[in-house]
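A.B. asks: Please see the structure below; I have some questions.
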Amino acid sequence: MKNLAMLFIVSILAVSTSALAADQTLFSTKTSSPIVLDGKADNAWNGTKELVITVDNLVYEPNNGYEGMQETDVTIKSLHDDKNIYFLISYKDPTKSLERFPWVKQTDGSWKKLSNKDDTGHDNTYYEDKFSIYWNINTTGFEKEGCMTSCHLDIKGDKSAGRKFTEAEGETIDMWHAKYVRSMPMGMFDDQYVDNNTDPKKNKGWGRKGDTGKGGYVNNDNANSSTPAFMNLNPTADERYYVTPSKKVPFVDTFKAGDVVPGISIAPMQGGRADILSRIEYKDGRWTLEVKRALKTVGENAETQDVQFVDKSKSYPFGIAVFDNSQINHLFHTETLELKFK
């Protein structure tokens, strides 16, 4: 009887472990249907198994009145064809946050760029919503510890909320960063990576860097940062917060007190930073992202900066983060997720 009882316990543990692993696995299904990136769950996604991840941990507690989300469930599906991999990502967010350091005209006629930074030097008030996926390339320990191997590590004497870097030379992590003001209106993520740099003189972001190429956004400030440099011609409601290339004109002050002009001017990413294409929609309190990337990227430093989905027999560890109107603070999970092809 004792042996039978032990066998029963072992069996239960095995089933529980198997169920837990399944709950952390995203399966990418082969598709023959064309995927049109529009930020909507069209028929091509029907029948695709979803992974639901609860993100309910925050990196730190800001001291500037931050009242963002404390928890949300992120739903992810994946498809692939012979050339590309696709993701459909959605989660609830009660606020559509695009107000990133906007210029606002004051009653005295001057212009002020709004900000409200906390004691780490980061903003949680005048910022944008974001979403991030962290893919392991070759970093030791990522399979077990996930994002925690390199994300927001404490540094003695550093007043930030932590830094990103890997432990050993040559180890890198692929960081897909969806910026809902700076990159998503251009239909792409900002493709970045993390290496082992811990010298802020070499890179102010420590180990976090943009892929080889160019970023597509700059601050919308004049030469002495006293007014905007540009504005949009006939802007939409969202375009109050970013200057787009097709509507960009020199700033002319015909505004009244309280009017808003974008604090950022955007353009498409270039080079390796432009590998991840996406469309996004906010509807009924929910963000939906549809994402496309080549299974194998090419170009300078692609092998060290990008995860390469070339071996469909292996699993690919990853983690996700949701930024609710915050510069660096985000909701995360502690489990290591994995992608498998089927």
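Here's how to read the names in the structure tokens: chain A, B, ... by the order shown, residue numbers from 1 in each chain, ligand numbers from 1 in the order shown.
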Give me the residues near Tyr86 in chain A as a list in words, where near means some atom within 9 Å (using only C-alpha atoms) and where sequence neighbours in that chain fewer than 6 positions away do not count.

C.D. replies: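 In the requested form, the answer reads Ser28, Ile35, Lys77, Ser78, Leu79, His80, Glu290, Val291, Lys292, Arg293 and Ala294 of chain A.
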
A.B. asks: Taking 5 positions as the minimum chain separation for residues in the same chain, which residues sit within 12 Å of Lys112 in chain A when counting only C-alpha atoms? Answer as a list of chain:residue names.

C.D. replies: A:Phe101, A:Pro102, A:Trp103, A:Val104, A:Lys105, A:Gln106, A:Thr107, A:Asp221, A:Ser225, A:Ser226, A:Thr227, A:Pro228, A:Ala257, A:Gly258, A:Asp259, A:Val260, A:Val261, A:Pro262, A:Gly263

A.B. asks: Between CA of Glu335 in chain A and CA of Gln308 in chain A, measure the distance and give it in Å to one decimal.

C.D. replies: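 Separation between CA of Glu335 in chain A and CA of Gln308 in chain A: 22.0 Å.
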
A.B. asks: Taking 5 positions as the minimum chain separation for residues in the same chain, which residues sit within 9 Å of range 136-152 of chain A when counting only C-alpha atoms? Answer as number ranges by chain.

C.D. replies: A: 59, 160-168, 170-175, 194, 196, 207, 303-308, 316-320, 333-338

A.B. asks: Go through A:Asp119, A:Glu50, A:Asp311, A:Asp211 one by one, measure the shortest atom-to-atom distance of each to Pro62 in chain A using only C-alpha atoms, and give the residue with the smallest value.

C.D. replies: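 Under the stated criterion, the closest residue is A:Asp119.
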
A.B. asks: Which is closest to Phe251 in chain A among A:Val310, A:Leu295, A:Ile264, A:Ala229, if we use only C-alpha atoms?

C.D. replies: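 For Phe251 in chain A, the nearest of the given residues is A:Ala229.
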
A.B. asks: What is the CA of Phe27 in chain A to CA of Ser132 in chain A distance in Å?

C.D. replies: 18.8 Å

A.B. asks: Which polymer residues have any atom within 7 Å of an atom of range 178-180 of chain A, counting only C-alpha atoms, with same-chain residues fewer than 2 positions away left out, as an NGL selection string?

C.D. replies: :A and (98 or 128-132 or 176 or 182-185 or 189-190)

A.B. asks: Would you write out those residues with N, CA, C and O atoms, as a CSV table (one decimal), in the first residue's frame?

C.D. replies:
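out-v9.csv was written with the following content:
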```csv
chain,number,residue,atom,x,y,z
A,98,LEU,N,-1.2,57.7,-24.9
A,98,LEU,CA,-0.3,58.1,-26.0
A,98,LEU,C,0.3,59.4,-25.6
A,98,LEU,O,1.1,59.9,-26.4
A,128,GLU,N,3.8,56.7,-22.8
A,128,GLU,CA,3.0,55.9,-23.7
A,128,GLU,C,2.9,54.4,-23.3
A,128,GLU,O,3.7,53.9,-22.5
A,129,ASP,N,1.8,53.8,-23.7
A,129,ASP,CA,1.7,52.3,-23.5
A,129,ASP,C,2.8,51.6,-24.4
A,129,ASP,O,3.1,52.1,-25.5
A,130,LYS,N,3.2,50.5,-23.9
A,130,LYS,CA,4.2,49.7,-24.6
A,130,LYS,C,4.0,48.2,-24.3
A,130,LYS,O,3.3,47.8,-23.4
A,131,PHE,N,4.6,47.4,-25.2
A,131,PHE,CA,4.6,45.9,-24.9
A,131,PHE,C,6.0,45.4,-25.4
A,131,PHE,O,6.5,45.9,-26.4
A,132,SER,N,6.5,44.4,-24.7
A,132,SER,CA,7.8,43.9,-25.0
A,132,SER,C,7.8,42.4,-24.9
A,132,SER,O,7.2,41.8,-24.1
A,176,TRP,N,12.1,42.6,-28.4
A,176,TRP,CA,11.1,43.2,-29.3
A,176,TRP,C,10.3,44.2,-28.5
A,176,TRP,O,9.5,43.9,-27.6
A,182,ARG,N,6.0,55.9,-30.6
A,182,ARG,CA,7.3,56.1,-31.3
A,182,ARG,C,7.5,55.2,-32.5
A,182,ARG,O,8.2,55.5,-33.4
A,183,SER,N,6.9,53.9,-32.4
A,183,SER,CA,7.1,53.0,-33.5
A,183,SER,C,5.9,52.4,-34.1
A,183,SER,O,5.8,52.2,-35.3
A,184,MET,N,4.8,52.1,-33.3
A,184,MET,CA,3.7,51.5,-33.8
A,184,MET,C,2.9,52.2,-34.9
A,184,MET,O,2.3,51.6,-35.8
A,185,PRO,N,2.8,53.6,-34.8
A,185,PRO,CA,2.1,54.3,-35.9
A,185,PRO,C,2.8,54.1,-37.3
A,185,PRO,O,2.2,54.3,-38.3
A,189,PHE,N,7.6,47.3,-34.6
A,189,PHE,CA,8.3,47.3,-33.3
A,189,PHE,C,9.6,48.0,-33.4
A,189,PHE,O,10.1,48.2,-34.5
A,190,ASP,N,10.2,48.4,-32.3
A,190,ASP,CA,11.6,48.8,-32.3
A,190,ASP,C,12.4,47.5,-31.9
A,190,ASP,O,12.3,47.1,-30.8
```

A.B. asks: With only C-alpha atoms as the counted atoms, please give the residues lying no more than 7 Å from His330 in chain A, apart from itself and same-chain residues fewer than 5 positions off, as a list in words.

C.D. replies: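 With the cut-off at 7 Å, the set is Leu58, Val59, Ala321, Val322, Phe323 and Asp324 of chain A.
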
A.B. asks: Kindly export the residues of the current selection with all heavy atoms, as an mmCIF file, in the first residue's frame.

C.D. replies:
```cif
data_model
loop_
_atom_site.group_PDB
_atom_site.id
_atom_site.type_symbol
_atom_site.label_atom_id
_atom_site.label_comp_id
_atom_site.auth_asym_id
_atom_site.auth_seq_id
_atom_site.Cartn_x
_atom_site.Cartn_y
_atom_site.Cartn_z
ATOM 1 N N LEU A 58 5.053 44.210 -10.538
ATOM 2 C CA LEU A 58 5.626 45.471 -10.990
ATOM 3 C C LEU A 58 7.083 45.541 -10.562
ATOM 4 O O LEU A 58 7.459 45.035 -9.499
ATOM 5 C CB LEU A 58 4.862 46.662 -10.408
ATOM 6 C CG LEU A 58 3.534 47.013 -11.079
ATOM 7 C CD1 LEU A 58 2.782 48.044 -10.249
ATOM 8 C CD2 LEU A 58 3.740 47.537 -12.497
ATOM 9 N N VAL A 59 7.892 46.194 -11.387
ATOM 10 C CA VAL A 59 9.321 46.292 -11.099
ATOM 11 C C VAL A 59 9.573 47.064 -9.810
ATOM 12 O O VAL A 59 10.405 46.689 -8.991
ATOM 13 C CB VAL A 59 10.050 46.968 -12.281
ATOM 14 C CG1 VAL A 59 11.520 47.171 -11.968
ATOM 15 C CG2 VAL A 59 9.879 46.136 -13.545
ATOM 16 N N ALA A 321 6.269 41.607 -21.236
ATOM 17 C CA ALA A 321 6.061 42.689 -20.278
ATOM 18 C C ALA A 321 5.062 43.681 -20.847
ATOM 19 O O ALA A 321 5.059 43.941 -22.056
ATOM 20 C CB ALA A 321 7.376 43.391 -19.949
ATOM 21 N N VAL A 322 4.221 44.231 -19.980
ATOM 22 C CA VAL A 322 3.224 45.234 -20.360
ATOM 23 C C VAL A 322 3.542 46.531 -19.637
ATOM 24 O O VAL A 322 3.666 46.557 -18.409
ATOM 25 C CB VAL A 322 1.800 44.770 -19.989
ATOM 26 C CG1 VAL A 322 0.798 45.906 -20.187
ATOM 27 C CG2 VAL A 322 1.405 43.557 -20.818
ATOM 28 N N PHE A 323 3.698 47.605 -20.380
ATOM 29 C CA PHE A 323 3.992 48.921 -19.833
ATOM 30 C C PHE A 323 2.723 49.767 -19.911
ATOM 31 O O PHE A 323 2.264 50.105 -21.002
ATOM 32 C CB PHE A 323 5.099 49.609 -20.633
ATOM 33 C CG PHE A 323 6.432 48.907 -20.616
ATOM 34 C CD1 PHE A 323 6.624 47.728 -21.334
ATOM 35 C CD2 PHE A 323 7.495 49.439 -19.904
ATOM 36 C CE1 PHE A 323 7.850 47.086 -21.337
ATOM 37 C CE2 PHE A 323 8.738 48.805 -19.912
ATOM 38 C CZ PHE A 323 8.913 47.622 -20.626
ATOM 39 N N ASP A 324 2.164 50.095 -18.762
ATOM 40 C CA ASP A 324 0.958 50.904 -18.746
ATOM 41 C C ASP A 324 1.323 52.365 -18.497
ATOM 42 O O ASP A 324 1.481 52.793 -17.354
ATOM 43 C CB ASP A 324 0.001 50.405 -17.650
ATOM 44 C CG ASP A 324 -1.296 51.199 -17.611
ATOM 45 O OD1 ASP A 324 -1.667 51.775 -18.651
ATOM 46 O OD2 ASP A 324 -1.924 51.256 -16.538
#
```

A.B. asks: Determine the nearest neighbour of Met186 in chain A from the options A:Tyr217, A:Tyr134, A:Tyr241, A:Trp111, counting only C-alpha atoms.

C.D. replies: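 For Met186 in chain A, the nearest of the candidates is A:Tyr217.
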
A.B. asks: Just want the 12 Å neighbourhood of Lys117 in chain A, counted on only C-alpha atoms, with same-chain residues fewer than 2 positions away dropped. Output as a list in words.

C.D. replies: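 Using only C-alpha atoms, the neighbours found are Pro62, Asn63, Asn64, Gly65, Tyr66, Phe101, Leu114, Ser115, Asp119, Thr120, Gly121, His122, Asp123, Asn124, Thr125, Tyr126, Tyr127, Ser160, Ser326, Gln327, Ile328 and Asn329 of chain A.
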
A.B. asks: Please indicate the distance in Å from CA of Lys214 in chain A to CA of Asp199 in chain A, rounded to one decimal place.

C.D. replies: 21.8 Å

A.B. asks: I need the residues of range 109-340 of chain A that end up classed as strand (DSSP E or B) by DSSP on the backbone, written out as a PyMOL selection string.

C.D. replies: chain A and resi 111-113+117+123+130-136+153+163+173-179+188+190-194+208-210+213-214+217-219+230-232+243+248-250+260-261+264-266+270-271+277-283+286-294+316-323+331-332+337-340
